[in-house]
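First up is the structure itself, then whatever we jot down about it.
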Amino acid sequence: VKADNSTTDMNSSGAAGITIEQDGTGDAALSMLLSGTRRWMMGIDNSDSDKLKFATGGTDVATGTKMTITDGGNVGIGTTTPGGLLDITGTSGNHLRLSYNANYYWIMERDSNGKLNFTNHQNTTDAVAMTIDTTGNVGIGDTSPDFPLEIRAASTFNTVNGHIMLTGDSATNGQGPQIVFSESGSSSSYAGAYVGHVRTGSNSTGDLVFGTRATGGDTTTVPTERMRILSDGKVGIGTDAPAETLHVKVASGDSGPIAKFERDSGQSVFIGAG
């Protein structure tokens, strides 16, 4: 098809292009056949809000529909009523597949129980890597998580591996990753306590630090360090530089006991500084 008119308005009589128009109640459609047998159709479904449909195996675009585009731009695969920009619907099989080749790919699908599964396929083996259930629980290595986050894998105790690894990216002494705990309601996040690792030397040498929050403050209030385990195993309570296996330090002017040991029977032994 060739036209010399420079207009790009397809409603114009001089536009270059092919127009398929249905003046009656049927569909405006294009049919593609092989050896006289209809294989694919694409066109406007006059009986369904003038949606653009791609179909195969049927006698019109409303039969055997594989993909639908609404006049609002939503695309449906497996559904003729897409509720979002891309709506993929199916009762089984791969809903979304990201492939490297025929032997290596990822599958994302919603199963019959409503769970969203992310599956890794390698050669002939499928392994569900992550599951999100209908309550929002996330399972990594676990397809039936009972908690907001549940990670299941082989034991990593006493190895360099871990079910979770927090890694800082600065390689700077005095810095490191931490876990922060908060119980401040649904609309705010006050740091109530933390457990962190602070680098003190090369190759991630460092101390394990525990901190708690003693005052209300605000969202910028940082919990105070309470205990530290040095890289050599020394434990400090009230000090970040323990000199002995256990080093407890209290504030100056505090004349009370430093430590208390108590039996269930109520008998107690107090230790104080002389």
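The chains in the structure tokens are called A, B, ... from first to last as shown; in each chain the residues are counted from 1, and the ligands are counted from 1 in the order shown.
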message = So that I can check the surroundings of region 217-225 of chain A, please list as a VMD selection string every protein, DNA and RNA residue that reaches within 6 Å of it, counting only C-alpha atoms and ignoring chain neighbours fewer than 4 positions away.
response = chain A and resid 190 193 210 to 213
| What lies within 7 Å of Ile237 (chain A) using only C-alpha atoms, ignoring chain neighbours under 2 positions off, as JSON, numbers by chain? | {"A": [226, 227, 228, 235, 239, 247, 248, 249]}
Write the residues of the preceding selection, restricted to C-alpha atoms, as a JSON list (two decimals), in the first residue's frame.
```json
[["chain", "number", "residue", "atom", "x", "y", "z"],
["A", 226, "ARG", "CA", 24.70, -1.50, 76.53],
["A", 227, "MET", "CA", 26.91, -4.49, 75.82],
["A", 228, "ARG", "CA", 29.76, -5.33, 73.47],
["A", 235, "VAL", "CA", 32.49, -9.00, 77.04],
["A", 239, "THR", "CA", 32.02, -0.22, 78.44],
["A", 247, "HIS", "CA", 34.22, -6.27, 82.32],
["A", 248, "VAL", "CA", 31.31, -4.42, 83.94],
["A", 249, "LYS", "CA", 31.42, -0.65, 84.33]]
```
From CA of Ser170 (chain A) to CA of Asp207 (chain A) the spacing works out at 16.3 Å
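Here the question is which of A:Ala62, A:Leu96, A:Ile229, A:Ala259 gets nearest to Gly26 (chain A) using only C-alpha atoms, and that residue is A:Ala62.
Closest approach to Asp133 (chain A) from the set A:Ser187, A:Asn103, A:Asn46, A:Ser112 is made by A:Ser112, with distances taken over only C-alpha atoms.
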request  = List every residue of region 68-247 of chain A that DSSP, applied to the backbone, labels as strand (DSSP E), and write the result as a VMD selection string.
outcome  = chain A and resid 68 to 69 75 to 77 86 to 88 96 to 99 104 to 110 116 to 122 125 to 132 138 to 140 149 to 151 178 to 181 193 to 199 206 to 212 224 to 229 235 to 237 246 to 247
Just to be explicit: take each residue in the selection above, keep C-alpha atoms, and write the result as a PDB file, in the first residue's frame.
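Output file out.pdb follows:
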```pdb
ATOM      1  CA  THR A  68      -7.327  -8.630  24.743  1.00  0.00           C
ATOM      2  CA  ILE A  69      -6.570  -4.909  24.734  1.00  0.00           C
ATOM      3  CA  VAL A  75      -3.818  -5.865  28.257  1.00  0.00           C
ATOM      4  CA  GLY A  76      -5.281  -9.228  29.215  1.00  0.00           C
ATOM      5  CA  ILE A  77      -3.673 -12.608  28.544  1.00  0.00           C
ATOM      6  CA  LEU A  86      -1.147  -6.255  32.303  1.00  0.00           C
ATOM      7  CA  ASP A  87      -3.451  -8.982  33.614  1.00  0.00           C
ATOM      8  CA  ILE A  88      -2.345 -12.605  33.159  1.00  0.00           C
ATOM      9  CA  LEU A  96       5.028 -15.689  33.600  1.00  0.00           C
ATOM     10  CA  ARG A  97       8.262 -17.254  32.404  1.00  0.00           C
ATOM     11  CA  LEU A  98      11.643 -15.534  32.110  1.00  0.00           C
ATOM     12  CA  SER A  99      13.972 -17.697  30.041  1.00  0.00           C
ATOM     13  CA  TYR A 104      17.161 -22.453  32.355  1.00  0.00           C
ATOM     14  CA  TYR A 105      14.319 -20.140  33.297  1.00  0.00           C
ATOM     15  CA  TRP A 106      12.243 -18.652  36.125  1.00  0.00           C
ATOM     16  CA  ILE A 107       8.513 -19.153  36.565  1.00  0.00           C
ATOM     17  CA  MET A 108       6.156 -16.855  38.475  1.00  0.00           C
ATOM     18  CA  GLU A 109       2.666 -18.222  39.026  1.00  0.00           C
ATOM     19  CA  ARG A 110      -0.325 -18.218  41.373  1.00  0.00           C
ATOM     20  CA  LEU A 116       2.431 -16.735  44.529  1.00  0.00           C
ATOM     21  CA  ASN A 117       5.390 -18.982  43.728  1.00  0.00           C
ATOM     22  CA  PHE A 118       8.744 -18.110  42.189  1.00  0.00           C
ATOM     23  CA  THR A 119      10.274 -21.269  40.723  1.00  0.00           C
ATOM     24  CA  ASN A 120      13.743 -21.837  39.326  1.00  0.00           C
ATOM     25  CA  HIS A 121      13.972 -24.396  36.501  1.00  0.00           C
ATOM     26  CA  GLN A 122      17.340 -25.930  35.662  1.00  0.00           C
ATOM     27  CA  THR A 125      14.475 -29.820  37.928  1.00  0.00           C
ATOM     28  CA  ASP A 126      12.003 -27.277  39.326  1.00  0.00           C
ATOM     29  CA  ALA A 127      12.720 -25.723  42.739  1.00  0.00           C
ATOM     30  CA  VAL A 128      10.389 -23.206  44.388  1.00  0.00           C
ATOM     31  CA  ALA A 129      12.716 -20.475  45.624  1.00  0.00           C
ATOM     32  CA  MET A 130      10.152 -18.155  47.232  1.00  0.00           C
ATOM     33  CA  THR A 131       6.459 -18.281  48.143  1.00  0.00           C
ATOM     34  CA  ILE A 132       4.079 -15.510  49.228  1.00  0.00           C
ATOM     35  CA  VAL A 138       6.943 -14.970  52.761  1.00  0.00           C
ATOM     36  CA  GLY A 139       8.752 -18.274  52.597  1.00  0.00           C
ATOM     37  CA  ILE A 140      12.256 -18.645  51.199  1.00  0.00           C
ATOM     38  CA  LEU A 149       9.367 -14.223  56.905  1.00  0.00           C
ATOM     39  CA  GLU A 150      10.432 -17.855  57.136  1.00  0.00           C
ATOM     40  CA  ILE A 151      13.727 -19.081  55.696  1.00  0.00           C
ATOM     41  CA  GLN A 178      22.804  -3.910  62.152  1.00  0.00           C
ATOM     42  CA  ILE A 179      19.327  -5.189  62.882  1.00  0.00           C
ATOM     43  CA  VAL A 180      16.940  -2.659  64.461  1.00  0.00           C
ATOM     44  CA  PHE A 181      13.901  -3.625  66.541  1.00  0.00           C
ATOM     45  CA  ALA A 193      16.954  -1.665  70.218  1.00  0.00           C
ATOM     46  CA  TYR A 194      19.629  -2.951  67.891  1.00  0.00           C
ATOM     47  CA  VAL A 195      22.174  -5.679  67.384  1.00  0.00           C
ATOM     48  CA  GLY A 196      25.032  -4.672  65.151  1.00  0.00           C
ATOM     49  CA  HIS A 197      28.464  -5.578  63.928  1.00  0.00           C
ATOM     50  CA  VAL A 198      31.081  -2.810  63.914  1.00  0.00           C
ATOM     51  CA  ARG A 199      34.261  -3.269  61.923  1.00  0.00           C
ATOM     52  CA  GLY A 206      34.967  -6.526  64.503  1.00  0.00           C
ATOM     53  CA  ASP A 207      32.724  -6.441  67.562  1.00  0.00           C
ATOM     54  CA  LEU A 208      29.132  -7.478  68.199  1.00  0.00           C
ATOM     55  CA  VAL A 209      27.201  -4.605  69.825  1.00  0.00           C
ATOM     56  CA  PHE A 210      23.835  -4.545  71.636  1.00  0.00           C
ATOM     57  CA  GLY A 211      21.905  -1.319  72.269  1.00  0.00           C
ATOM     58  CA  THR A 212      18.567  -0.307  73.829  1.00  0.00           C
ATOM     59  CA  THR A 224      22.432   3.502  73.559  1.00  0.00           C
ATOM     60  CA  GLU A 225      25.085   0.798  73.500  1.00  0.00           C
ATOM     61  CA  ARG A 226      24.702  -1.505  76.535  1.00  0.00           C
ATOM     62  CA  MET A 227      26.914  -4.489  75.818  1.00  0.00           C
ATOM     63  CA  ARG A 228      29.757  -5.335  73.470  1.00  0.00           C
ATOM     64  CA  ILE A 229      31.531  -8.567  72.616  1.00  0.00           C
ATOM     65  CA  VAL A 235      32.494  -8.997  77.040  1.00  0.00           C
ATOM     66  CA  GLY A 236      31.874  -5.459  78.163  1.00  0.00           C
ATOM     67  CA  ILE A 237      28.739  -4.212  79.938  1.00  0.00           C
ATOM     68  CA  LEU A 246      33.920  -9.965  81.624  1.00  0.00           C
ATOM     69  CA  HIS A 247      34.224  -6.265  82.324  1.00  0.00           C
TER      70      HIS A 247
END
```
- With a distance cut-off of 12 Å and only C-alpha atoms, select the neighbouring residues of Lys66 (chain A), excluding the residue or stretch itself and same-chain residues fewer than 6 positions from it, and output the selection as a VMD selection string. chain A and resid 40 to 42 52 to 58 75 to 81 88 to 90
Next, the residues of the selection above should be written as a short mmCIF file (atom, residue, chain, number, x, y, z; two decimals), in the first residue's frame with N, CA and C atoms.
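Below you can see again37.cif, which holds the result:
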```
data_model
loop_
_atom_site.label_atom_id
_atom_site.label_comp_id
_atom_site.auth_asym_id
_atom_site.auth_seq_id
_atom_site.Cartn_x
_atom_site.Cartn_y
_atom_site.Cartn_z
N TRP A 40 -5.47 -17.70 12.87
CA TRP A 40 -5.47 -16.55 13.78
C TRP A 40 -6.41 -15.49 13.27
N MET A 41 -7.02 -14.78 14.24
CA MET A 41 -7.84 -13.62 13.92
C MET A 41 -7.48 -12.49 14.86
N MET A 42 -7.55 -11.29 14.36
CA MET A 42 -7.41 -10.11 15.21
C MET A 42 -8.42 -9.08 14.75
N LEU A 52 -9.98 -4.81 21.36
CA LEU A 52 -9.16 -5.44 20.33
C LEU A 52 -8.75 -6.81 20.84
N LYS A 53 -9.06 -7.85 20.06
CA LYS A 53 -8.80 -9.22 20.51
C LYS A 53 -7.98 -9.99 19.48
N PHE A 54 -7.17 -10.89 20.02
CA PHE A 54 -6.39 -11.81 19.21
C PHE A 54 -6.86 -13.22 19.55
N ALA A 55 -7.31 -13.97 18.56
CA ALA A 55 -7.93 -15.27 18.82
C ALA A 55 -7.40 -16.31 17.85
N THR A 56 -7.56 -17.56 18.24
CA THR A 56 -7.17 -18.67 17.37
C THR A 56 -8.15 -19.82 17.53
N GLY A 57 -8.39 -20.54 16.47
CA GLY A 57 -9.20 -21.74 16.53
C GLY A 57 -10.69 -21.54 16.52
N GLY A 58 -11.15 -20.30 16.51
CA GLY A 58 -12.59 -20.06 16.54
C GLY A 58 -13.10 -19.50 15.23
N VAL A 75 -4.09 -4.68 29.07
CA VAL A 75 -3.82 -5.86 28.26
C VAL A 75 -4.13 -7.11 29.09
N GLY A 76 -4.93 -7.99 28.53
CA GLY A 76 -5.28 -9.23 29.21
C GLY A 76 -4.79 -10.44 28.44
N ILE A 77 -4.08 -11.33 29.12
CA ILE A 77 -3.67 -12.61 28.54
C ILE A 77 -4.37 -13.69 29.35
N GLY A 78 -5.23 -14.44 28.69
CA GLY A 78 -6.03 -15.44 29.40
C GLY A 78 -7.29 -14.85 30.02
N THR A 79 -7.52 -13.58 29.82
CA THR A 79 -8.74 -12.94 30.32
C THR A 79 -9.16 -11.86 29.34
N THR A 80 -10.48 -11.68 29.18
CA THR A 80 -10.99 -10.63 28.31
C THR A 80 -11.41 -9.40 29.10
N THR A 81 -11.21 -9.44 30.42
CA THR A 81 -11.56 -8.29 31.27
C THR A 81 -10.37 -7.92 32.14
N ILE A 88 -2.57 -11.25 33.67
CA ILE A 88 -2.35 -12.60 33.16
C ILE A 88 -3.16 -13.57 34.02
N THR A 89 -4.03 -14.33 33.40
CA THR A 89 -4.92 -15.23 34.12
C THR A 89 -4.78 -16.65 33.58
N GLY A 90 -4.71 -17.61 34.51
CA GLY A 90 -4.65 -19.00 34.12
C GLY A 90 -4.94 -19.88 35.32
#
```
